[in-house]
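Here is model-v3.cif, consisting of mmCIF, C-alpha atoms:
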```cif
data_query
#
loop_
_atom_site.label_atom_id
_atom_site.label_comp_id
_atom_site.auth_asym_id
_atom_site.auth_seq_id
_atom_site.Cartn_x
_atom_site.Cartn_y
_atom_site.Cartn_z
CA MET A 2 -24.61 -25.43 6.67
CA GLN A 3 -23.56 -26.51 3.19
CA LEU A 4 -24.04 -24.22 0.20
CA GLU A 5 -25.35 -26.22 -2.75
CA ALA A 6 -23.38 -25.76 -5.98
CA TYR A 7 -26.53 -25.21 -8.06
CA LYS A 8 -27.30 -22.01 -6.14
CA ILE A 9 -23.94 -20.57 -7.17
CA ALA A 10 -24.49 -21.77 -10.74
CA ASP A 11 -27.93 -20.12 -10.90
CA HIS A 12 -26.51 -16.87 -9.53
CA ASN A 13 -23.67 -16.89 -12.06
CA GLN A 14 -25.96 -17.65 -14.99
CA LYS A 15 -28.13 -14.62 -14.24
CA ALA A 16 -25.09 -12.33 -13.99
CA LEU A 17 -23.05 -13.91 -16.78
CA GLU A 18 -24.00 -11.68 -19.70
CA ALA A 19 -23.20 -8.45 -17.85
CA HIS A 20 -19.99 -9.98 -16.51
CA GLN A 21 -18.81 -11.04 -19.97
CA ARG A 22 -19.37 -7.52 -21.32
CA LYS A 23 -17.09 -6.13 -18.61
CA LEU A 24 -14.55 -8.90 -19.11
CA SER A 25 -14.35 -8.49 -22.89
CA PHE A 26 -11.93 -5.56 -22.63
CA TRP A 27 -9.49 -7.72 -20.70
CA THR A 28 -9.68 -10.76 -22.95
CA GLU A 29 -9.37 -8.67 -26.12
CA GLU A 30 -6.93 -5.93 -25.12
CA VAL A 31 -4.72 -7.09 -22.25
CA ALA A 32 -2.02 -9.58 -23.16
CA ASN A 33 -1.41 -10.98 -19.68
CA ALA A 34 -5.07 -11.22 -18.59
CA GLU A 35 -5.03 -15.03 -18.62
CA GLU A 36 -1.85 -15.15 -16.57
CA ILE A 37 -3.38 -12.84 -13.96
CA ILE A 38 -6.57 -14.92 -13.79
CA LYS A 39 -4.56 -18.10 -13.21
CA LYS A 40 -2.54 -16.44 -10.44
CA LEU A 41 -5.75 -15.22 -8.79
CA ILE A 42 -7.21 -18.74 -8.86
CA ASP A 43 -4.11 -20.11 -7.12
CA PHE A 44 -3.97 -17.33 -4.50
CA GLN A 45 -5.63 -18.46 -1.25
CA ILE A 46 -6.13 -16.35 1.87
CA ALA A 47 -6.45 -18.06 5.25
CA ILE A 48 -9.35 -17.17 7.54
CA PRO A 49 -8.67 -16.93 11.29
CA SER A 50 -11.07 -18.87 13.48
CA TRP A 51 -11.43 -15.88 15.82
CA ALA A 52 -12.75 -13.58 13.07
CA LEU A 53 -15.92 -15.63 12.56
CA GLY A 54 -17.62 -14.12 15.58
CA THR A 55 -18.30 -10.47 16.34
CA GLY A 56 -15.22 -8.66 17.59
CA GLY A 57 -15.27 -5.87 20.09
CA THR A 58 -13.42 -3.19 21.98
CA ARG A 59 -12.27 -2.71 25.56
CA PHE A 60 -15.63 -1.06 26.19
CA GLY A 61 -18.06 -3.64 24.92
CA ARG A 62 -19.00 -6.35 22.50
CA PHE A 63 -22.28 -6.84 20.68
CA PRO A 64 -22.49 -10.46 19.48
CA GLY A 65 -24.73 -11.23 16.54
CA GLY A 66 -27.03 -14.15 15.90
CA GLY A 67 -25.92 -17.43 14.42
CA GLU A 68 -22.28 -17.10 15.48
CA PRO A 69 -20.30 -20.36 15.54
CA ARG A 70 -20.43 -22.04 18.95
CA SER A 71 -17.71 -24.61 18.32
CA LEU A 72 -14.66 -25.35 16.21
CA GLU A 73 -16.81 -27.50 13.97
CA GLU A 74 -19.17 -24.61 13.27
CA LYS A 75 -16.23 -22.29 12.60
CA ILE A 76 -14.98 -24.72 9.97
CA GLU A 77 -18.46 -24.79 8.45
CA ASP A 78 -18.44 -20.98 8.24
CA VAL A 79 -15.06 -20.90 6.50
CA GLY A 80 -16.42 -23.58 4.19
CA LEU A 81 -19.28 -21.23 3.33
CA LEU A 82 -16.86 -18.41 2.56
CA HIS A 83 -14.73 -20.69 0.40
CA ALA A 84 -17.76 -21.98 -1.49
CA LEU A 85 -18.72 -18.39 -2.29
CA ASN A 86 -15.30 -17.03 -3.31
CA GLN A 87 -13.06 -20.11 -3.82
CA SER A 88 -10.23 -18.04 -2.32
CA SER A 89 -10.56 -18.86 1.40
CA GLY A 90 -9.19 -22.38 1.32
CA ALA A 91 -7.47 -22.41 4.72
CA ILE A 92 -8.32 -21.82 8.37
CA SER A 93 -5.95 -20.62 11.10
CA LEU A 94 -6.66 -21.73 14.68
CA HIS A 95 -5.98 -20.01 17.99
CA ILE A 96 -5.14 -22.32 20.87
CA PRO A 97 -6.58 -22.75 23.51
CA TRP A 98 -9.70 -21.12 22.03
CA ASP A 99 -10.04 -23.84 19.41
CA ILE A 100 -8.49 -27.03 20.75
CA PRO A 101 -9.63 -29.96 18.59
CA LYS A 102 -11.04 -32.81 20.68
CA ASP A 103 -10.54 -35.28 17.83
CA GLY A 104 -7.81 -34.17 15.44
CA GLU A 105 -8.60 -36.70 12.74
CA ALA A 106 -12.31 -35.88 12.76
CA ILE A 107 -11.60 -32.13 12.58
CA LYS A 108 -9.10 -32.64 9.77
CA SER A 109 -11.66 -34.75 7.87
CA LEU A 110 -14.39 -32.14 8.38
CA ALA A 111 -12.15 -29.38 7.03
CA ALA A 112 -11.22 -31.51 4.01
CA SER A 113 -14.91 -32.03 3.23
CA PHE A 114 -15.13 -28.24 2.72
CA GLY A 115 -11.92 -28.12 0.68
CA LEU A 116 -9.98 -26.52 3.55
CA ARG A 117 -6.49 -27.02 4.96
CA PHE A 118 -5.05 -25.75 8.24
CA ASP A 119 -2.82 -22.70 8.03
CA ALA A 120 -0.55 -21.39 10.81
CA MET A 121 -1.37 -22.34 14.40
CA ASN A 122 -1.50 -19.42 16.85
CA SER A 123 -0.50 -19.62 20.50
CA ASN A 124 -2.03 -17.48 23.24
CA THR A 125 0.10 -16.25 26.12
CA PHE A 126 -1.57 -12.84 26.26
CA GLN A 127 -4.51 -14.08 28.37
CA ASP A 128 -4.86 -16.09 31.55
CA GLN A 129 -7.04 -19.14 31.05
CA PRO A 130 -9.31 -20.80 33.66
CA GLY A 131 -7.29 -23.06 35.91
CA GLN A 132 -3.95 -21.69 34.71
CA GLU A 133 -1.27 -22.05 37.39
CA ASN A 134 0.76 -18.90 36.65
CA SER A 135 -0.38 -15.49 35.42
CA TYR A 136 0.88 -13.62 32.34
CA LYS A 137 0.10 -10.23 33.90
CA PHE A 138 3.79 -9.25 33.78
CA GLY A 139 4.75 -11.17 30.67
CA SER A 140 5.11 -14.69 29.35
CA LEU A 141 8.27 -15.65 27.44
CA GLN A 142 10.07 -12.64 28.97
CA HIS A 143 8.80 -13.10 32.55
CA VAL A 144 11.29 -12.80 35.40
CA ASP A 145 9.90 -16.04 36.89
CA ARG A 146 11.22 -19.16 35.16
CA ALA A 147 8.03 -21.06 36.03
CA VAL A 148 5.91 -18.58 34.06
CA ARG A 149 8.29 -18.75 31.10
CA GLN A 150 8.19 -22.56 31.16
CA GLN A 151 4.39 -22.50 31.21
CA ALA A 152 4.41 -20.31 28.07
CA ILE A 153 7.02 -22.50 26.39
CA ASP A 154 5.03 -25.64 27.14
CA HIS A 155 1.89 -24.03 25.73
CA ASN A 156 3.61 -23.22 22.44
CA ILE A 157 4.92 -26.78 22.17
CA GLU A 158 1.39 -28.05 22.82
CA VAL A 159 0.16 -25.83 19.97
CA ILE A 160 2.76 -27.40 17.66
CA ARG A 161 1.47 -30.87 18.58
CA HIS A 162 -2.10 -29.88 17.71
CA GLY A 163 -0.85 -28.43 14.43
CA VAL A 164 1.00 -31.59 13.48
CA ALA A 165 -2.19 -33.60 14.05
CA LEU A 166 -4.13 -31.25 11.73
CA GLY A 167 -1.53 -31.03 8.96
CA SER A 168 -0.40 -27.47 9.66
CA ASN A 169 3.26 -26.58 9.17
CA SER A 170 3.76 -23.26 10.94
CA LEU A 171 3.43 -21.57 14.32
CA THR A 172 2.74 -17.88 14.88
CA VAL A 173 3.98 -16.41 18.15
CA TRP A 174 2.65 -13.01 19.21
CA LEU A 175 3.71 -11.66 22.58
CA SER A 176 1.94 -8.99 24.60
CA ASP A 177 5.08 -8.83 26.76
CA GLY A 178 6.43 -5.38 27.58
CA SER A 179 6.16 -2.63 30.17
CA CYS A 180 3.78 0.20 30.96
CA PHE A 181 6.14 2.46 32.91
CA PRO A 182 9.81 3.52 32.82
CA GLY A 183 11.92 1.45 35.17
CA GLN A 184 9.50 -1.45 35.20
CA LEU A 185 11.59 -3.65 32.91
CA ASN A 186 15.22 -4.30 32.09
CA PHE A 187 15.00 -4.19 28.29
CA ARG A 188 18.14 -6.20 27.65
CA LYS A 189 17.29 -8.97 30.10
CA ALA A 190 13.71 -9.15 28.82
CA PHE A 191 15.02 -9.60 25.26
CA GLU A 192 17.49 -12.28 26.37
CA ARG A 193 14.86 -14.20 28.33
CA THR A 194 12.50 -14.04 25.34
CA GLN A 195 15.22 -15.30 23.03
CA GLU A 196 16.02 -18.22 25.32
CA SER A 197 12.32 -19.14 25.52
CA LEU A 198 11.90 -18.93 21.76
CA GLN A 199 14.94 -21.15 21.29
CA GLU A 200 13.25 -23.90 23.31
CA ILE A 201 10.12 -23.56 21.17
CA TYR A 202 12.22 -23.52 17.99
CA ALA A 203 13.93 -26.75 19.05
CA ALA A 204 10.49 -28.44 19.21
CA LEU A 205 9.57 -27.53 15.62
CA PRO A 206 9.31 -30.43 13.15
CA ASP A 207 11.82 -30.29 10.31
CA ASP A 208 9.31 -28.97 7.77
CA TRP A 209 7.79 -26.30 10.05
CA LYS A 210 8.29 -22.54 10.27
CA VAL A 211 7.83 -20.19 13.21
CA PHE A 212 6.62 -16.64 12.59
CA VAL A 213 7.57 -13.98 15.15
CA GLU A 214 4.95 -11.24 15.10
CA TYR A 215 5.66 -7.71 16.33
CA LYS A 216 3.54 -4.82 17.54
CA ALA A 217 4.50 -1.25 18.39
CA PHE A 218 2.12 -0.81 21.32
CA GLU A 219 -0.78 -2.35 23.27
CA PRO A 220 -1.37 -3.82 25.75
CA ASN A 221 1.86 -2.26 27.06
CA PHE A 222 2.27 1.44 26.32
CA TYR A 223 5.86 2.17 27.30
CA SER A 224 7.64 -0.75 25.66
CA MET A 225 6.85 -3.93 23.76
CA THR A 226 9.50 -6.64 23.89
CA VAL A 227 8.92 -7.42 20.20
CA GLY A 228 7.95 -3.89 19.29
CA ASP A 229 9.01 -3.54 15.65
CA TRP A 230 10.21 -5.41 12.61
CA GLY A 231 13.83 -4.96 13.65
CA SER A 232 13.24 -6.77 16.94
CA SER A 233 11.40 -9.57 15.15
CA LEU A 234 14.16 -9.84 12.54
CA LEU A 235 16.77 -10.06 15.31
CA PHE A 236 14.91 -12.97 16.89
CA ALA A 237 14.39 -14.69 13.52
CA ASN A 238 18.09 -14.40 12.63
CA LYS A 239 19.21 -15.65 16.05
CA LEU A 240 16.79 -18.58 16.03
CA GLY A 241 17.71 -20.02 12.63
CA PRO A 242 16.48 -20.79 9.10
CA LYS A 243 12.99 -21.94 10.17
CA ALA A 244 12.21 -18.57 11.86
CA TYR A 245 10.66 -15.62 10.04
CA THR A 246 9.07 -12.24 10.68
CA LEU A 247 5.31 -11.91 10.38
CA VAL A 248 3.85 -8.53 9.37
CA ASP A 249 0.46 -7.46 10.69
CA LEU A 250 -0.61 -4.32 8.83
CA GLY A 251 -2.10 -2.80 11.99
CA HIS A 252 0.94 -3.37 14.19
CA HIS A 253 2.82 -0.22 13.25
CA LEU A 254 3.01 3.35 14.40
CA PRO A 255 0.93 5.77 12.29
CA ASN A 256 2.28 6.44 8.78
CA ALA A 257 4.94 3.72 8.93
CA ASN A 258 6.27 2.81 5.49
CA ILE A 259 5.12 -0.81 5.55
CA GLU A 260 5.95 -1.40 1.89
CA GLN A 261 9.60 -0.55 2.56
CA ILE A 262 9.64 -2.93 5.54
CA VAL A 263 8.23 -5.67 3.33
CA SER A 264 10.84 -5.06 0.65
CA LEU A 265 13.77 -5.29 3.09
CA LEU A 266 12.45 -8.40 4.85
CA LEU A 267 12.05 -10.10 1.46
CA MET A 268 15.56 -9.06 0.51
CA GLU A 269 16.86 -10.74 3.66
CA GLY A 270 14.79 -13.88 3.08
CA LYS A 271 13.05 -13.40 6.41
CA LEU A 272 9.49 -12.40 5.49
CA GLY A 273 7.23 -15.23 6.58
CA GLY A 274 3.74 -13.95 6.05
CA PHE A 275 1.00 -11.40 6.56
CA HIS A 276 -1.96 -10.59 8.74
CA PHE A 277 -4.16 -8.35 6.60
CA ASN A 278 -6.45 -5.68 8.05
CA ASP A 279 -6.80 -1.91 7.92
CA SER A 280 -6.71 0.97 10.37
CA LYS A 281 -7.36 4.66 10.81
CA TYR A 282 -5.60 5.22 14.14
CA GLY A 283 -3.79 2.13 15.40
CA ASP A 284 -4.42 -1.59 15.53
CA ASP A 285 -8.05 -1.09 14.55
CA ASP A 286 -8.47 -4.49 12.79
CA LEU A 287 -10.84 -2.96 10.25
CA THR A 288 -11.91 -4.52 6.96
CA VAL A 289 -8.96 -4.86 4.58
CA GLY A 290 -8.80 -2.00 2.08
CA SER A 291 -11.49 0.05 3.81
CA ILE A 292 -9.19 2.91 4.85
CA ARG A 293 -5.88 2.75 2.92
CA PRO A 294 -6.42 0.81 -0.31
CA TYR A 295 -3.50 2.54 -2.07
CA GLN A 296 -1.12 1.46 0.67
CA LEU A 297 -2.35 -2.11 0.26
CA PHE A 298 -1.60 -1.90 -3.47
CA LEU A 299 1.88 -0.49 -2.81
CA ILE A 300 2.59 -3.34 -0.40
CA PHE A 301 1.60 -5.89 -3.03
CA ASN A 302 3.71 -4.05 -5.57
CA GLU A 303 6.77 -4.63 -3.38
CA LEU A 304 5.73 -8.19 -2.62
CA ILE A 305 5.51 -9.12 -6.29
CA GLU A 306 8.77 -7.40 -7.16
CA GLY A 307 10.62 -9.01 -4.26
CA MET A 308 9.15 -12.48 -4.69
CA ASP A 309 9.77 -12.50 -8.44
CA ALA A 310 13.37 -11.41 -7.87
CA LYS A 311 13.87 -14.49 -5.68
CA GLY A 312 11.86 -16.89 -7.88
CA MET A 313 9.24 -17.41 -5.17
CA ASN A 314 5.76 -18.83 -5.70
CA HIS A 315 3.18 -16.11 -4.97
CA ALA A 316 0.59 -18.55 -3.70
CA THR A 317 2.63 -20.81 -1.44
CA ASP A 318 5.94 -19.29 -0.37
CA LEU A 319 4.45 -16.77 2.08
CA GLY A 320 1.60 -17.12 4.56
CA TRP A 321 -1.45 -15.01 3.69
CA MET A 322 -4.06 -14.48 6.38
CA ILE A 323 -6.72 -11.99 7.43
CA ASP A 324 -6.68 -10.70 11.02
CA ALA A 325 -9.73 -8.46 11.20
CA SER A 326 -12.43 -8.08 13.80
CA HIS A 327 -15.27 -5.63 14.04
CA ASN A 328 -18.13 -4.83 16.36
CA VAL A 329 -20.79 -3.60 13.92
CA LYS A 330 -20.56 -5.82 10.81
CA ASP A 331 -21.68 -9.32 10.05
CA PRO A 332 -18.35 -11.20 10.39
CA LEU A 333 -18.87 -13.28 7.25
CA GLU A 334 -19.74 -10.25 5.16
CA ASP A 335 -16.68 -8.46 6.53
CA LEU A 336 -14.46 -11.40 5.56
CA LEU A 337 -15.92 -11.57 2.04
CA GLN A 338 -15.10 -7.87 1.63
CA SER A 339 -11.58 -8.35 2.97
CA VAL A 340 -10.75 -11.28 0.70
CA GLU A 341 -11.92 -9.34 -2.34
CA ALA A 342 -9.90 -6.27 -1.34
CA ILE A 343 -6.76 -8.42 -1.12
CA GLN A 344 -7.46 -9.98 -4.52
CA LEU A 345 -8.01 -6.57 -6.10
CA ALA A 346 -4.75 -5.17 -4.75
CA TYR A 347 -2.88 -8.29 -5.88
CA ALA A 348 -4.36 -8.11 -9.39
CA GLN A 349 -3.61 -4.38 -9.70
CA ALA A 350 0.00 -4.97 -8.64
CA LEU A 351 0.31 -7.73 -11.26
CA LEU A 352 -0.56 -5.10 -13.90
CA VAL A 353 2.44 -2.88 -13.11
CA ASP A 354 4.77 -2.54 -16.11
CA ARG A 355 7.96 -3.42 -14.25
CA THR A 356 10.25 -2.91 -17.24
CA ALA A 357 8.93 0.61 -17.76
CA LEU A 358 9.09 1.30 -14.04
CA GLU A 359 12.77 0.34 -13.86
CA GLU A 360 13.53 2.48 -16.91
CA ALA A 361 11.84 5.46 -15.25
CA ARG A 362 13.80 4.87 -12.06
CA ASP A 363 17.09 4.59 -13.93
CA ALA A 364 16.31 7.88 -15.68
CA ASN A 365 15.27 9.53 -12.39
CA ASP A 366 11.92 10.23 -14.04
CA VAL A 367 9.91 10.63 -10.85
CA VAL A 368 6.70 11.67 -12.60
CA ARG A 369 6.76 8.71 -14.97
CA ALA A 370 7.41 6.26 -12.12
CA GLN A 371 4.45 7.64 -10.19
CA GLU A 372 2.20 7.50 -13.25
CA ILE A 373 3.08 3.85 -13.93
CA LEU A 374 2.05 2.83 -10.42
CA GLN A 375 -1.10 4.94 -10.37
CA GLU A 376 -2.18 3.74 -13.80
CA ALA A 377 -2.23 0.18 -12.47
CA TYR A 378 -3.91 1.19 -9.21
CA ARG A 379 -6.66 3.14 -10.97
CA THR A 380 -7.53 0.22 -13.24
CA ASP A 381 -10.80 -1.55 -12.47
CA VAL A 382 -9.72 -5.18 -12.11
CA ARG A 383 -13.02 -6.40 -10.66
CA PRO A 384 -13.93 -8.32 -13.85
CA LEU A 385 -10.64 -10.25 -13.64
CA VAL A 386 -11.20 -11.16 -9.99
CA ALA A 387 -14.79 -12.19 -10.69
CA GLU A 388 -13.71 -14.33 -13.64
CA ALA A 389 -11.11 -16.09 -11.49
CA ARG A 390 -13.84 -16.88 -8.94
CA ARG A 391 -16.22 -18.13 -11.63
CA ARG A 392 -13.66 -20.45 -13.19
CA ALA A 393 -12.77 -21.86 -9.78
CA GLY A 394 -16.44 -22.58 -9.03
CA GLY A 395 -17.25 -19.56 -6.88
CA ALA A 396 -19.85 -16.83 -7.21
CA LEU A 397 -19.42 -13.83 -9.49
CA GLN A 398 -20.72 -11.63 -6.67
CA PRO A 399 -20.17 -13.48 -3.35
CA LEU A 400 -21.51 -10.79 -1.03
CA ALA A 401 -24.63 -10.25 -3.12
CA LEU A 402 -25.34 -14.00 -3.14
CA PHE A 403 -24.72 -14.24 0.62
CA ARG A 404 -27.44 -11.66 1.14
CA GLN A 405 -29.74 -13.00 -1.56
CA LEU A 406 -29.75 -16.43 0.08
CA ASN A 407 -30.27 -14.94 3.57
CA ILE A 408 -27.39 -17.04 4.85
CA ARG A 409 -27.16 -15.19 8.16
CA GLN A 410 -30.85 -15.86 8.82
CA GLN A 411 -30.32 -19.52 8.03
CA LEU A 412 -27.44 -19.66 10.51
CA ILE A 413 -29.61 -17.98 13.14
CA GLY A 414 -32.27 -20.61 12.47
CA GLU A 415 -29.73 -23.39 13.02
CA ARG A 416 -27.78 -21.91 15.95
CA GLY A 417 -30.02 -19.39 17.63
CA LEU A 418 -30.33 -15.64 17.89
CA LYS A 419 -28.05 -15.22 20.89
CA THR A 420 -24.83 -17.12 20.38
CA ILE A 421 -21.26 -16.28 21.28
CA ALA A 422 -18.34 -17.56 19.25
CA THR A 423 -15.86 -19.58 21.27
CA GLY A 424 -12.73 -17.80 22.39
CA LEU A 425 -14.19 -14.29 22.29
#
```
Do you think you could lay out the structure here as structure tokens?
Amino acid sequence: MQLEAYKIADHNQKALEAHQRKLSFWTEEVANAEEIIKKLIDFQIAIPSWALGTGGTRFGRFPGGGEPRSLEEKIEDVGLLHALNQSSGAISLHIPWDIPKDGEAIKSLAASFGLRFDAMNSNTFQDQPGQENSYKFGSLQHVDRAVRQQAIDHNIEVIRHGVALGSNSLTVWLSDGSCFPGQLNFRKAFERTQESLQEIYAALPDDWKVFVEYKAFEPNFYSMTVGDWGSSLLFANKLGPKAYTLVDLGHHLPNANIEQIVSLLLMEGKLGGFHFNDSKYGDDDLTVGSIRPYQLFLIFNELIEGMDAKGMNHATDLGWMIDASHNVKDPLEDLLQSVEAIQLAYAQALLVDRTALEEARDANDVVRAQEILQEAYRTDVRPLVAEARRRAGGALQPLALFRQLNIRQQLIGERGLKTIATGL
């Protein structure tokens, strides 16, 4: 479904007076408010095609009504999100869940919603119907060359689909690893993975990047072949200048200092992008900012410092994507919440007085350094984020308008009460 612009305009007009009262402090008192608003307008967060349907657990899944039944309907749903918040201007596809039958038609449909195609994602963590070889004991690391070749060929196929859609990056996540001591020769598994990745790397177009994602555990619980940021960085360095590490916020052991990891990867020029989510225990894939909002702010604080030190463009030089999935929420509402949480953390980090922070550090004034960060974090930047949306043509309150217009009920009317999103 298409969301008519007048509905957003009517919503904004009714909320405008109250919004302008809240915004007045920023426009009158904060010198860099306009700069922050402009950066927020430019900052786009990609939506993964697999997050548009209800997620699940190993124990069950409870699909909701009106879920997208095809790639075309997934693009329509991201178009809805982007119309509401003007900050979801890209979609990331998972192959083979979302193979486009007609690349040009799909590209044209996405463009009609103001969307581009972000990183393409390969899938060698599942066996597909009719697949000749199984990934039960690994893919790019497998002891059988035929299985490795199958996984290599799949990744190269994903690149071809991406080229047709105008994407320029490939994300590789491997479930490869071992469940029990003795099962795997760690060194040989790493070497086989490296050799496989080198074949994929050789197939990349000149202007493409490959992101090597890591995860500390699951589905293997003794070892993961790409189990931490050091392993990913090793692969990225060995592969070459088009290879980078991708950080998924849920892919760490509990209490990992992700902001320090981010800082060091930026320093080395090997941070490629992010998968944003949140977690209480492990890779929970919860709504961004729902559990650890201060950690999210601290990560953005390091991102801004590191990117500015290298003269990088905040909006375009890293890949920004959500990777969340939940069993009890409306997926579109969950994504609206996640995008806003990312924008809030970004805006708060832009407020940090970096000159004062460096002075406090140089003076070993620990209390002052902490206060500078917490002052920015405790600032209510919601009026700035809302103003950025309004100026870009989005809704002042996207989630409220989504509910006010009964969009989920409209989708159920179009698609049916019992639908299952493709790929899930």
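Going from CA of Thr246 in chain A to CA of Ser224 in chain A covers 18.9 Å.
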TODO: Excluding range 298-312 of chain A and residues on its chain fewer than 4 positions from it, collect all residues at most 10 Å away from it, counting all atoms listed in the file, and give them as a PyMOL selection string.
DONE: chain A and resi 250+258-268+270+272+290+293-294+318-319+342-343+345-353+355+374-375+377-378
Problem set entry | Given the PyMOL selection byres ((chain A and resi 417) around 12), the residues it picks as a ChimeraX atom specification | /A:64-70,409-416,418-422
Q: Could you list the residues chosen by the PyMOL selection byres ((chain A and resi 397) around 9) in this structure as a PyMOL selection string?
A: chain A and resi 9+12-13+16-17+20+85-86+384+386-391+395-396+398-399+401-402
Residue by residue, what does the PyMOL selection byres ((chain A and resi 127-142) around 7) grab here? Present the result as a VMD selection string. chain A and resid 124 to 126 143 to 144 148 to 149 152 177 to 178 190 to 191 193 to 194 197
Between A:Asp43, A:Met225, A:Thr380, A:Asp11, smallest distance to Asn314 in chain A by only C-alpha atoms belongs to A:Asp43
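Checking A:Gly274, A:Gly56, A:Pro182, A:Gly283 one by one against Ala257 in chain A, counting all atoms listed in the file, you find the shortest gap at A:Gly283.
The nearest approach to Thr288 in chain A among the residues A:Val367, A:Met313, A:Ala52, A:Ile107, with only C-alpha atoms taken into account, belongs to A:Ala52.
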Excluding same-chain residues fewer than 3 positions from Gly90 in chain A, what lies within 8 Å of it counting only C-alpha atoms, as an mmCIF file with C-alpha atoms, in the frame of the given file?
```cif
data_model
loop_
_atom_site.group_PDB
_atom_site.id
_atom_site.type_symbol
_atom_site.label_atom_id
_atom_site.label_comp_id
_atom_site.auth_asym_id
_atom_site.auth_seq_id
_atom_site.Cartn_x
_atom_site.Cartn_y
_atom_site.Cartn_z
ATOM 1 C CA GLN A 45 -5.630 -18.460 -1.250
ATOM 2 C CA ILE A 46 -6.130 -16.350 1.870
ATOM 3 C CA ALA A 47 -6.450 -18.060 5.250
ATOM 4 C CA VAL A 79 -15.060 -20.900 6.500
ATOM 5 C CA GLY A 80 -16.420 -23.580 4.190
ATOM 6 C CA HIS A 83 -14.730 -20.690 0.400
ATOM 7 C CA GLN A 87 -13.060 -20.110 -3.820
ATOM 8 C CA GLY A 115 -11.920 -28.120 0.680
ATOM 9 C CA LEU A 116 -9.980 -26.520 3.550
ATOM 10 C CA ARG A 117 -6.490 -27.020 4.960
#
```
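Residue nearest Ala393 in chain A within the list A:Ala84, A:Val31, A:Leu53, A:Leu235: A:Ala84 [criterion: smallest interatomic distance, only C-alpha atoms].
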